[in-house]
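Encoded as structure tokens, the structure appears first; notes follow it.
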2 protein chains.
Amino acid sequence: MKYSRTFIPTLREVPGDAIISSHRLMFRAGMIRKLSNGLFAYLPLGLRCFRKVEAIVREEMDAIGSLEIKPTVVIPGELWKESGRWDSMGEALLRVKNRTGTDFVISPTAEEAFTSLVRDELSSYRQLPLSLYQINTKYRDETRPRYGVMRGREFVMKDAYSFHTGEESLDEHYQAQGRAYRQIFKRCGLTVIPVRADSGAMGGSGSEEFMVESEIGDNTLLLCKKCDYAANVEKAECKPDYIPRPSPENTQDTINTPPVEKIDTPEVKTIDELCAFLKTSAQSFIKTLIYKAVNVELDLSSAPGCKNLVKQHSVPGAPAHYSEAFFAVAIRGDLDVNEAKLAAVLKAAEVCLAADIEVTRITGSPVGFAGPVGLESVPIIIDQTVTGMNNAVTGALEKDRHYQYVAYGRDFAAWLTADIRTVKAKDYCIQCGGELYEKKGNELGHIFKLGKKYTESMGVSYLDENGKSHVPLMGCYGIGLDRTLASIIEEHHDEQGIVWPVSVAPYHVIIIPIKYQGLVQEACDKLSDLLEAEGIEVLLDDRDERAGVKFNDADLLGIPWRIVVGDKNLASGMVEVKRRSEKEAHLISPSEAVTEIAASL
Amino acid sequence: MKYSRTFIPTLREVPGDAIISSHRLMFRAGMIRKLSNGLFAYLPLGLRCFRKVEAIVREEMDAIGSLEIKPTVVIPGELWKESGRWDSMGEALLRVKNRTGTDFVISPTAEEAFTSLVRDELSSYRQLPLSLYQINTKYRDETRPRYGVMRGREFVMKDAYSFHTGEESLDEHYQAQGRAYRQIFKRCGLTVIPVRADSGAMGGSGSEEFMVESEIGDNTLLLCKKCDYAANVEKAECKPDYIPRPSPENTQDTINTPPVEKIDTPEVKTIDELCAFLKTSAQSFIKTLIYKAVNVELDLSSAPGCKNLVKQHSVPGAPAHYSEAFFAVAIRGDLDVNEAKLAAVLKAAEVCLAADIEVTRITGSPVGFAGPVGLESVPIIIDQTVTGMNNAVTGALEKDRHYQYVAYGRDFAAWLTADIRTVKAKDYCIQCGGELYEKKGNELGHIFKLGKKYTESMGVSYLDENGKSHVPLMGCYGIGLDRTLASIIEEHHDEQGIVWPVSVAPYHVIIIPIKYQGLVQEACDKLSDLLEAEGIEVLLDDRDERAGVKFNDADLLGIPWRIVVGDKNLASGMVEVKRRSEKEAHLISPSEAVTEIAASL
């Protein structure tokens with residue numbers, strides 16, 4: 001392709017909002033342009049790279065037997081009402097009514113569409129397992145789209161969905177997807193960190209996220225210094241590390257803990273002040289927070305204070321849920337409640353701290369004096385660290401009063417015990433006890449075992465060998481293509497521009513004539529033909545520009561091989577060949593150049 | 001590909017709304033499934049065919065130097081306000097507000113997006129001509145989506161837009177696109193009728209539609225029996241065919257026509273009754289209709305009765321228009337006004353007959369007595385046939401009264417004369433005078449010269465050699481991919497199923513083992529490998545089904561070559577080979593089969 005016949009509007013300057021390297025370089029190299037906040041158009045050079053990533057993803061999906069289909073981008077809202085996500089998805093879901101008043105969504109993900117298609121076709125166990133995927137446009141109405149295509153509103157995702165008769169079959173395909181993902185990222189030249197992830201709004205359990213390290217990453221990862229443990233903070237676990245407060249008798253068991261005692265704590269407002277006042281540490285304190293949870297699917301029929309709550313269906317067939325419920329959440333004073341983990345435990349769409357007025361209603365005291373002892377108006381959920389606390393301090397449900405010598409099991413019981421702490425750097429690895437550290441990461445891909453979440457709510461079934469009806473298990477597997485492309489640039493660039501891995505480079509070779517005329521022109525055209533005959537993709541910079549401009553643009557575009565053709569070297573039958581990733585060029589004949597480059601691809 | 005590993009849910013029965021062959025066959029062959037009214041998912045087999053059509057379109061666009069880009073599907077509404085189409089486009093445009101209240105459209109076509117991208121990048125004449133295209137999802141909120149993907153709401157369109165410094169350059173690319181379109185349809189095995197078309201809401205002049213004949217076509221085409229003339233009724237012209245009414249003195253010129261005379265026509269309501277009453281024919285009658293036009297861009301400052309109308313911009317920069325204006329439209333009594341042609345003449349978004357109350361206000365008489373003589377309250381627009389009428393009958397702007405001996409030019413004048421008649425079968429060809437006939441057609445593609453419609457309203461400019469600023473000319477070129485695919489099936493099927501042209505077939509060969517076991521299985525696997533080594537795409541029907549079921553499915557899927565492998569023939573080293581398009585099979589060796597099929601592709 002001749003440079004003058006394509007459209008690569010390179011730039012020296014970039015808009016001020018382009019903070020990260022990939023965003024800056026994609027703009028400068030004329031790969032993308034902005035149509036609106038979070039909406040980008042790929043120009044010819046960018047689209048070439050995008051299509052290469054797309055082809056790699058497609059090849060790896062085909063290789064594991066997933067079958068490509070193409071549903072629509074505009075999806076009937078009815079399907080999202082069936083699954084319950086019409087209500088639970090929040091404002092990131094772009095909803096639209098058409099001229100006849102029918103509800104639609106602009107697809108942000110396609111569990112519903114795929115489940116509905118399979119529901120209509122599935123009858124027998126012989127049709128399973130079945131894995132289907134699409135590579136298609138998605139839209140999420142991000143509040144703060146930024147970093148170019150790294151966090152755009154419209155993007156392209158490969159999303160696959162698989163259906164199975166049993167756990168083993170699901171696990172087999174889940175593992176195959178995981179291997180395919182590793183292969184995809186490897187072929188793209190990307191270093192990914194596979195981490196255990198919270199499956200959040202997607203539901204289900206058994207999931208792995210594929211992260212790239214990024215200073216602007218919106219995920220916090222916990223990694224072990226000793227072993228391969230890696231987890232998203234939304235799901236990270238750690239070894240218990242409870243150091244009990246010495247009791248007056250210096251014993252550590254409940255039996256020898258003195259009876260609970262109410263003490264005055266006037267003007268003591270924070271945990272720090274309380275620790276100073278009682279000469280103890282935050283680890284001896286049971287922090288108790290009142291949470292409001294929305295769309296709770298967990299059964300609360302046996303829970304204190306929940307007698308009057310009624311489970312509802314937003315539409316017939318959708319999972320039943322309590323639209324709103326309150327909980328007291330108790331955790332050791334030096335730890336933080338992880339709201340993602342809490343929401344997962346409650347099977348809730350969302351949790352947030354209750355308003356002051358609700359806290360007062362529930363605890364019968366001002367904010368700051370909640371505690372589990374004697375609290376009966378709401379279910380008490382405790383972090384598992386609390387089960388080891390037998391000589392603790394906590395709020396007494398009265399202004400300026402606390403309890404001390406509080407022992408779990410003796411002085412209060414939990415309705416539910418779970419791991420809901422936020423794991424931090426320096427906590428101990430759940431696998432090996434090693435020290436954890438933190439990284440920021442961006443999610444490129446995600447694989448989940450969804451179980452029956454969608455197949456049950458949307459009424460999918462098949463008949464087994466004996467004619468008995470079952471609900472199939474389901475998995476889902478996504479990769480963001482735009483973000484993957486941007487991440488390649490994040491990992492492969494230098495001061496001058498992009499340094500493409502060959503697999504996703506827009507062209508393999510750029511030929512730069514010092515001046516595109518006479519013998520040099522002839523030599524360039526011939527060299528270009530020779531390279532193309534070998535299946536090598538060539539960009540021939542035939543522009544009437546200074547050599548310096550062409551060199552700078554070549555570095556900016558990041559094409560893996562550069563061949564400079566000039567009068568002087570050509571007189572001795574030579575051209576100058578250089579890899580983008582190396583500093584040194586070397587002189588060889590055009591035919592040797594073709595051989596060398598062909599061998600490298 | 002083994003049949004058991006793909007997903008081709010064939011059906012014997014189809015839903016009742018599947019009226020046309022392509023819709024029925026795409027369902028039955030498991031190519032598509034319906035997600036909702038007008039929204040279809042392509043299943044693996046359908047997507048294979050779709051991708052082949054897509055590849056043909058892409059190759060032909062690349063061949064004429066158009067460059068592929070990928071804007072978003074969700075487009076900022078702001079751009080559509082700039083062009084004026086936010087207001088003029090009507091309800092087929094799916095508009096959506098996001099969480100921040102910003103307006104977006106789900107792209108039905110992309111003049112605005114491409115013009116905006118080029119506006120931001122264009123500076124010099126040296127960047128022109130520039131032709132860009134996308135193959136991307138579109139949405140039109142059809143009132144009555146039907147006929148499967150032939151008239152769906154969501155579809156994929158290839159749309160190209162070109163930008164030029166002058167008419168010659170625009171025409172050159174317009175012609176290249178026209179040739180590429182002919183090539184695309186030829187490669188798809190489609191017989192298309194290229195017709196002159198009204199450019200309607202798209203604006204501009206110089207356009208060609210590529211139609212396929214179809215009983216359910218939503219276009220009426222006029223074709224000449226003698227020459228190559230073909231036109232959409234919305235734009236079709238014809239030779240004049242006026243036969244004047246003999247005057248009492250048997251003369252036919254205005255000078256000898258008696259003075260206009262007002263006559264009583266009591267209880268005469270229709271043109272037929274009037275003809276009987278006056279013993280004349282409808283051809284002697286000047287039919288006068290009062291029309292309301294919406295968003296009129298034509299300058300009306302000199303028009304009668306329009307003094308108080310004010311041109312407005314819907315947003316700054318958009319083309320100015322009168323939001324509403326009324327006109328009297330006169331035409332020969334035996335002809336019909338073509339509203340598409342009338343709207344084009346008025347540069348109006350839409351025209352419709354005025355309400356009775358408006359007719360009475362404008363004509364000063366009940367409905368049925370409008371006429372051009374003495375009418376001064378609105379501009380009079382006459383069809384060009386009226387200019388030849390010098391002894392006509394028309395309404396007298398009074399109840400139960402008509403004028404006779406009316407002569408154009410003597411008794412009334414027109415504010416505007418234009419060709420606004422609806423051409424019909426048996427009218428005379430404008431090119432050669434031959435007789436015209438009608439066909440129903442479906443539009444697959446459309447190429448337009450848009451001129452400056454968008455570049456002007458959206459403020460695009462470039463500097464010429466002398467640093468002078470100009471507005472570029474623009475062309476646009478669309479092909480509907482889904483409709484093209486469906487049309488291929490319409491043209492290539494029989495009672496048993498689809499009969500794919502090789503170029504777009506999902507697979508080239510289907511291998512049917514009578515029973516997939518033992519030596520037959522071995523032979524099938526080996527044959528499949530041999531064919532695939534030649535680049536031939538194979539579907540191997542390894543299902544445990546009766547041979548009859550496999551034969552029927554093979555005919556339904558329409559794969560060009562069928563190879564049947566059975567014990568008996570295999571014993572003598574033979575397999576049975578048959579083309580889908582032929583009745584007779586023949587026995588040859590597997591290696592001969594490979595040679596024969598490879599040679600045919």
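Identifiers for the structure tokens are assigned positionally: chains receive A, B, ... in sequence, residues are indexed from 1 per chain, and ligands are indexed from 1 in the order shown.
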Discussion item. Quick one: residues within 10 Å of range 507-523 of chain A, only C-alpha atoms, excluding same-chain residues fewer than 5 positions away - as a PyMOL selection string?
Written reply: chain A and resi 1-3+45+48-49+500-502+528-529+531-532+535-548+550-551+554-555+557-568+570-571+573+575-580+590+597-598+601
Quick one: contact table of chain A to chain B, 8 Å max, nearest atom pair and distance in Å to one decimal per residue, counting only C-alpha atoms, chain and number order, as JSON lines?
```
{"residue": "A:Arg5", "atom": "CA", "partner": "B:Gly65", "partner_atom": "CA", "distance": 7.4}
{"residue": "A:Thr6", "atom": "CA", "partner": "B:Leu67", "partner_atom": "CA", "distance": 6.8}
{"residue": "A:Phe7", "atom": "CA", "partner": "B:Leu67", "partner_atom": "CA", "distance": 7.6}
{"residue": "A:Pro9", "atom": "CA", "partner": "B:Glu121", "partner_atom": "CA", "distance": 7.2}
{"residue": "A:Arg33", "atom": "CA", "partner": "B:Leu117", "partner_atom": "CA", "distance": 7.5}
{"residue": "A:Leu35", "atom": "CA", "partner": "B:Pro76", "partner_atom": "CA", "distance": 7.5}
{"residue": "A:Ser36", "atom": "CA", "partner": "B:Pro76", "partner_atom": "CA", "distance": 6.6}
{"residue": "A:Leu39", "atom": "CA", "partner": "B:Thr72", "partner_atom": "CA", "distance": 6.5}
{"residue": "A:Phe40", "atom": "CA", "partner": "B:Pro71", "partner_atom": "CA", "distance": 6.5}
{"residue": "A:Ala41", "atom": "CA", "partner": "B:Pro71", "partner_atom": "CA", "distance": 3.9}
{"residue": "A:Tyr42", "atom": "CA", "partner": "B:Lys70", "partner_atom": "CA", "distance": 4.9}
{"residue": "A:Leu43", "atom": "CA", "partner": "B:Ile69", "partner_atom": "CA", "distance": 4.8}
{"residue": "A:Pro44", "atom": "CA", "partner": "B:Ile69", "partner_atom": "CA", "distance": 5.2}
{"residue": "A:Leu47", "atom": "CA", "partner": "B:Ile69", "partner_atom": "CA", "distance": 6.2}
{"residue": "A:Gly65", "atom": "CA", "partner": "B:Arg5", "partner_atom": "CA", "distance": 7.4}
{"residue": "A:Leu67", "atom": "CA", "partner": "B:Pro44", "partner_atom": "CA", "distance": 6.3}
{"residue": "A:Glu68", "atom": "CA", "partner": "B:Pro44", "partner_atom": "CA", "distance": 5.7}
{"residue": "A:Ile69", "atom": "CA", "partner": "B:Leu43", "partner_atom": "CA", "distance": 4.8}
{"residue": "A:Lys70", "atom": "CA", "partner": "B:Tyr42", "partner_atom": "CA", "distance": 4.9}
{"residue": "A:Pro71", "atom": "CA", "partner": "B:Ala41", "partner_atom": "CA", "distance": 3.9}
{"residue": "A:Thr72", "atom": "CA", "partner": "B:Ala41", "partner_atom": "CA", "distance": 6.1}
{"residue": "A:Val73", "atom": "CA", "partner": "B:Thr137", "partner_atom": "CA", "distance": 7.8}
{"residue": "A:Val74", "atom": "CA", "partner": "B:Glu154", "partner_atom": "CA", "distance": 7.3}
{"residue": "A:Ile75", "atom": "CA", "partner": "B:Leu35", "partner_atom": "CA", "distance": 7.7}
{"residue": "A:Pro76", "atom": "CA", "partner": "B:Ser36", "partner_atom": "CA", "distance": 6.6}
{"residue": "A:Glu91", "atom": "CA", "partner": "B:Arg99", "partner_atom": "CA", "distance": 6.4}
{"residue": "A:Ala92", "atom": "CA", "partner": "B:Arg99", "partner_atom": "CA", "distance": 7.8}
{"residue": "A:Leu94", "atom": "CA", "partner": "B:Asn98", "partner_atom": "CA", "distance": 6.5}
{"residue": "A:Arg95", "atom": "CA", "partner": "B:Val96", "partner_atom": "CA", "distance": 7.9}
{"residue": "A:Val96", "atom": "CA", "partner": "B:Val96", "partner_atom": "CA", "distance": 5.9}
{"residue": "A:Lys97", "atom": "CA", "partner": "B:Val96", "partner_atom": "CA", "distance": 7.9}
{"residue": "A:Asn98", "atom": "CA", "partner": "B:Leu94", "partner_atom": "CA", "distance": 6.5}
{"residue": "A:Arg99", "atom": "CA", "partner": "B:Glu91", "partner_atom": "CA", "distance": 6.4}
{"residue": "A:Ala113", "atom": "CA", "partner": "B:Leu35", "partner_atom": "CA", "distance": 7.6}
{"residue": "A:Leu117", "atom": "CA", "partner": "B:Leu35", "partner_atom": "CA", "distance": 7.5}
{"residue": "A:Glu121", "atom": "CA", "partner": "B:Pro9", "partner_atom": "CA", "distance": 7.2}
{"residue": "A:Thr137", "atom": "CA", "partner": "B:Val73", "partner_atom": "CA", "distance": 7.8}
{"residue": "A:Asp141", "atom": "CA", "partner": "B:Asn98", "partner_atom": "CA", "distance": 7.0}
{"residue": "A:Thr143", "atom": "CA", "partner": "B:Arg99", "partner_atom": "CA", "distance": 8.0}
{"residue": "A:Glu154", "atom": "CA", "partner": "B:Thr72", "partner_atom": "CA", "distance": 6.8}
```
Worksheet item: Hey, what's within 10 Å of Lys158 in chain A if we count only C-alpha atoms and toss same-chain stuff fewer than 4 positions away? As a PyMOL selection string, please?
Response: chain A and resi 54+57-58+61+68+109+133-138+445+477-481
Response to the item:
Least-squares overlay of chain B on chain A, all C-alpha in order, gives RMSD 0.1 Å
Worksheet item: Neighbours of His402 in chain B within 8 Å (only C-alpha atoms; same-chain residues fewer than 5 positions away dropped), as a ChimeraX atom specification?
Response: /B:262-265,369,393-397
Keeping only N, CA, C and O atoms, write the selected residues to a file as a PDB file, in the first residue's frame.
```pdb
ATOM      1  N   LYS B 262     -67.651  30.330 -17.557  1.00  0.00           N
ATOM      2  CA  LYS B 262     -68.036  29.650 -16.319  1.00  0.00           C
ATOM      3  C   LYS B 262     -69.342  28.908 -16.553  1.00  0.00           C
ATOM      4  O   LYS B 262     -70.279  29.489 -17.099  1.00  0.00           O
ATOM      5  N   ILE B 263     -69.373  27.608 -16.175  1.00  0.00           N
ATOM      6  CA  ILE B 263     -70.593  26.835 -16.424  1.00  0.00           C
ATOM      7  C   ILE B 263     -71.099  26.199 -15.124  1.00  0.00           C
ATOM      8  O   ILE B 263     -70.329  25.947 -14.209  1.00  0.00           O
ATOM      9  N   ASP B 264     -72.407  25.953 -15.077  1.00  0.00           N
ATOM     10  CA  ASP B 264     -73.009  25.258 -13.928  1.00  0.00           C
ATOM     11  C   ASP B 264     -72.776  23.766 -14.079  1.00  0.00           C
ATOM     12  O   ASP B 264     -72.993  23.201 -15.152  1.00  0.00           O
ATOM     13  N   THR B 265     -72.358  23.168 -12.991  1.00  0.00           N
ATOM     14  CA  THR B 265     -72.160  21.712 -13.005  1.00  0.00           C
ATOM     15  C   THR B 265     -72.799  21.130 -11.751  1.00  0.00           C
ATOM     16  O   THR B 265     -72.121  20.579 -10.894  1.00  0.00           O
ATOM     17  N   PHE B 369     -63.679  21.926  -6.106  1.00  0.00           N
ATOM     18  CA  PHE B 369     -63.832  22.988  -7.114  1.00  0.00           C
ATOM     19  C   PHE B 369     -62.587  23.852  -7.230  1.00  0.00           C
ATOM     20  O   PHE B 369     -62.646  24.995  -7.685  1.00  0.00           O
ATOM     21  N   VAL B 393     -60.964  22.075 -19.022  1.00  0.00           N
ATOM     22  CA  VAL B 393     -62.000  22.283 -18.007  1.00  0.00           C
ATOM     23  C   VAL B 393     -61.294  22.261 -16.649  1.00  0.00           C
ATOM     24  O   VAL B 393     -60.362  21.493 -16.448  1.00  0.00           O
ATOM     25  N   THR B 394     -61.759  23.128 -15.735  1.00  0.00           N
ATOM     26  CA  THR B 394     -61.173  23.095 -14.401  1.00  0.00           C
ATOM     27  C   THR B 394     -62.144  23.687 -13.406  1.00  0.00           C
ATOM     28  O   THR B 394     -63.136  24.332 -13.784  1.00  0.00           O
ATOM     29  N   GLY B 395     -61.911  23.496 -12.108  1.00  0.00           N
ATOM     30  CA  GLY B 395     -62.792  24.031 -11.069  1.00  0.00           C
ATOM     31  C   GLY B 395     -62.784  25.556 -11.082  1.00  0.00           C
ATOM     32  O   GLY B 395     -61.766  26.176 -11.416  1.00  0.00           O
ATOM     33  N   ALA B 396     -63.930  26.148 -10.673  1.00  0.00           N
ATOM     34  CA  ALA B 396     -64.079  27.601 -10.772  1.00  0.00           C
ATOM     35  C   ALA B 396     -64.016  28.281  -9.419  1.00  0.00           C
ATOM     36  O   ALA B 396     -64.420  29.433  -9.284  1.00  0.00           O
ATOM     37  N   LEU B 397     -63.516  27.563  -8.386  1.00  0.00           N
ATOM     38  CA  LEU B 397     -63.400  28.114  -7.038  1.00  0.00           C
ATOM     39  C   LEU B 397     -64.767  28.499  -6.475  1.00  0.00           C
ATOM     40  O   LEU B 397     -64.873  29.381  -5.610  1.00  0.00           O
TER      41      LEU B 397
END
```
Fill in: Non-local contacts of Asp482 in chain B (9 Å; only C-alpha atoms; under 2 positions in same chain excluded) as a ChimeraX atom specification
/B:50,53,149-152,155-157,480,484-487
Worksheet item: Could you pull out all residues of range 19-137 of chain B with a DSSP call of helix (DSSP H, G or I) and give them as a VMD selection string?
Response: chain B and resid 21 to 28 44 to 63 77 to 83 85 to 88 90 to 92 111 to 121 125 to 127
Worksheet item: Rounded to one decimal in Å, what is the spacing between CA of Thr165 in chain A and CA of Arg182 in chain A?
Response: 25.9 Å
Item to complete: Looking only at strand (DSSP E) from DSSP on the backbone, list the matching residues of range 338-386 of chain B as a ChimeraX atom specification.
Response: /B:350-353,380-383
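Considering only C-alpha atoms, the residue among B:Tyr181, B:Val118, B:Pro472, B:Arg332 positioned nearest to Thr422 in chain B is B:Arg332.
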Practice prompt. Find the residues around Leu274 in chain B up to 12 Å (only C-alpha atoms counted), leave out those fewer than 3 positions away in its own chain, and share them as JSON, numbers by chain.
Written response: {"B": [263, 264, 265, 266, 267, 268, 269, 270, 271, 277, 278, 279, 280, 281, 282, 283, 284, 285, 286, 287, 333, 368, 369, 393, 394, 395, 400, 401, 402, 403, 404]}
Fill in: Selection near range 293-298 of chain B, 10 Å with only C-alpha atoms, sequence-local residues under 2 positions removed, as JSON, numbers by chain
{"B": [87, 88, 290, 291, 300, 301, 311, 312, 314, 319, 320, 321, 322, 323, 324, 325, 326, 327, 342, 343, 344, 345, 346, 347, 348, 349, 350, 351, 352, 353, 354]}
Produce a file of the selected residues containing N, CA and C atoms, as a compact mmCIF listing (two decimals), in the first residue's frame.
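Contents of selection-v4.txt, freshly written:
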```txt
# COMPACT_ATOMS: atom_id res chain seq x y z
N ASP B 87 -34.22 16.61 12.82
CA ASP B 87 -35.62 17.00 12.66
C ASP B 87 -36.29 16.31 11.48
N SER B 88 -35.56 16.20 10.37
CA SER B 88 -36.24 15.80 9.13
C SER B 88 -36.38 14.29 8.98
N ILE B 290 -54.65 20.72 -3.46
CA ILE B 290 -53.95 21.59 -2.51
C ILE B 290 -53.06 20.70 -1.61
N TYR B 291 -51.76 21.00 -1.63
CA TYR B 291 -50.79 20.20 -0.86
C TYR B 291 -50.19 21.02 0.28
N LEU B 300 -39.12 30.73 -1.23
CA LEU B 300 -40.51 31.10 -1.54
C LEU B 300 -40.72 32.61 -1.44
N SER B 301 -39.62 33.38 -1.41
CA SER B 301 -39.78 34.82 -1.15
C SER B 301 -40.56 35.51 -2.27
N LYS B 311 -38.02 31.68 6.90
CA LYS B 311 -37.11 30.53 6.92
C LYS B 311 -36.45 30.42 8.28
N GLN B 312 -36.33 29.20 8.76
CA GLN B 312 -35.74 28.98 10.08
C GLN B 312 -34.64 27.93 10.00
N SER B 314 -33.13 24.80 12.26
CA SER B 314 -33.46 24.03 13.46
C SER B 314 -32.31 24.10 14.46
N PRO B 319 -29.40 23.67 7.36
CA PRO B 319 -30.03 24.38 6.25
C PRO B 319 -31.33 25.05 6.70
N ALA B 320 -31.56 26.28 6.21
CA ALA B 320 -32.77 27.00 6.59
C ALA B 320 -33.96 26.41 5.84
N HIS B 321 -35.13 26.40 6.47
CA HIS B 321 -36.32 25.90 5.80
C HIS B 321 -37.58 26.56 6.35
N TYR B 322 -38.64 26.53 5.52
CA TYR B 322 -39.97 26.92 6.00
C TYR B 322 -40.56 25.68 6.65
N SER B 323 -41.06 25.80 7.87
CA SER B 323 -41.53 24.59 8.54
C SER B 323 -42.78 24.04 7.86
N GLU B 324 -43.58 24.90 7.21
CA GLU B 324 -44.82 24.44 6.58
C GLU B 324 -45.24 25.44 5.50
N ALA B 325 -45.68 24.94 4.34
CA ALA B 325 -46.19 25.84 3.30
C ALA B 325 -47.24 25.09 2.48
N PHE B 326 -48.18 25.85 1.88
CA PHE B 326 -49.25 25.24 1.07
C PHE B 326 -49.07 25.61 -0.40
N PHE B 327 -49.48 24.71 -1.27
CA PHE B 327 -49.33 24.89 -2.71
C PHE B 327 -50.57 24.34 -3.42
N LEU B 342 -42.74 15.66 -6.40
CA LEU B 342 -43.16 16.98 -5.91
C LEU B 342 -42.29 17.41 -4.73
N ALA B 343 -42.06 16.50 -3.78
CA ALA B 343 -41.24 16.84 -2.61
C ALA B 343 -39.82 17.21 -3.05
N ALA B 344 -39.28 16.50 -4.04
CA ALA B 344 -37.94 16.80 -4.52
C ALA B 344 -37.89 18.19 -5.14
N VAL B 345 -38.94 18.55 -5.92
CA VAL B 345 -39.00 19.87 -6.56
C VAL B 345 -39.04 20.97 -5.49
N LEU B 346 -39.79 20.72 -4.43
CA LEU B 346 -39.94 21.73 -3.37
C LEU B 346 -38.80 21.68 -2.35
N LYS B 347 -37.90 20.70 -2.50
CA LYS B 347 -36.86 20.44 -1.49
C LYS B 347 -37.50 20.34 -0.10
N ALA B 348 -38.58 19.58 -0.06
CA ALA B 348 -39.34 19.44 1.19
C ALA B 348 -39.07 18.07 1.79
N ALA B 349 -39.15 17.98 3.13
CA ALA B 349 -38.98 16.69 3.79
C ALA B 349 -40.15 15.77 3.47
N GLU B 350 -41.34 16.38 3.26
CA GLU B 350 -42.55 15.57 3.10
C GLU B 350 -43.64 16.43 2.49
N VAL B 351 -44.50 15.84 1.64
CA VAL B 351 -45.70 16.55 1.18
C VAL B 351 -46.90 15.65 1.43
N CYS B 352 -48.05 16.28 1.69
CA CYS B 352 -49.29 15.50 1.82
C CYS B 352 -50.46 16.38 1.44
N LEU B 353 -51.57 15.77 1.05
CA LEU B 353 -52.76 16.54 0.69
C LEU B 353 -53.20 17.36 1.90
N ALA B 354 -53.61 18.60 1.65
CA ALA B 354 -54.05 19.47 2.73
C ALA B 354 -55.39 18.97 3.26
```
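With distances restricted to only C-alpha atoms, A:Ser207 is the closest residue to Asp171 in chain A from A:Asn256, A:Ala340, A:Ser207, A:Ile184.
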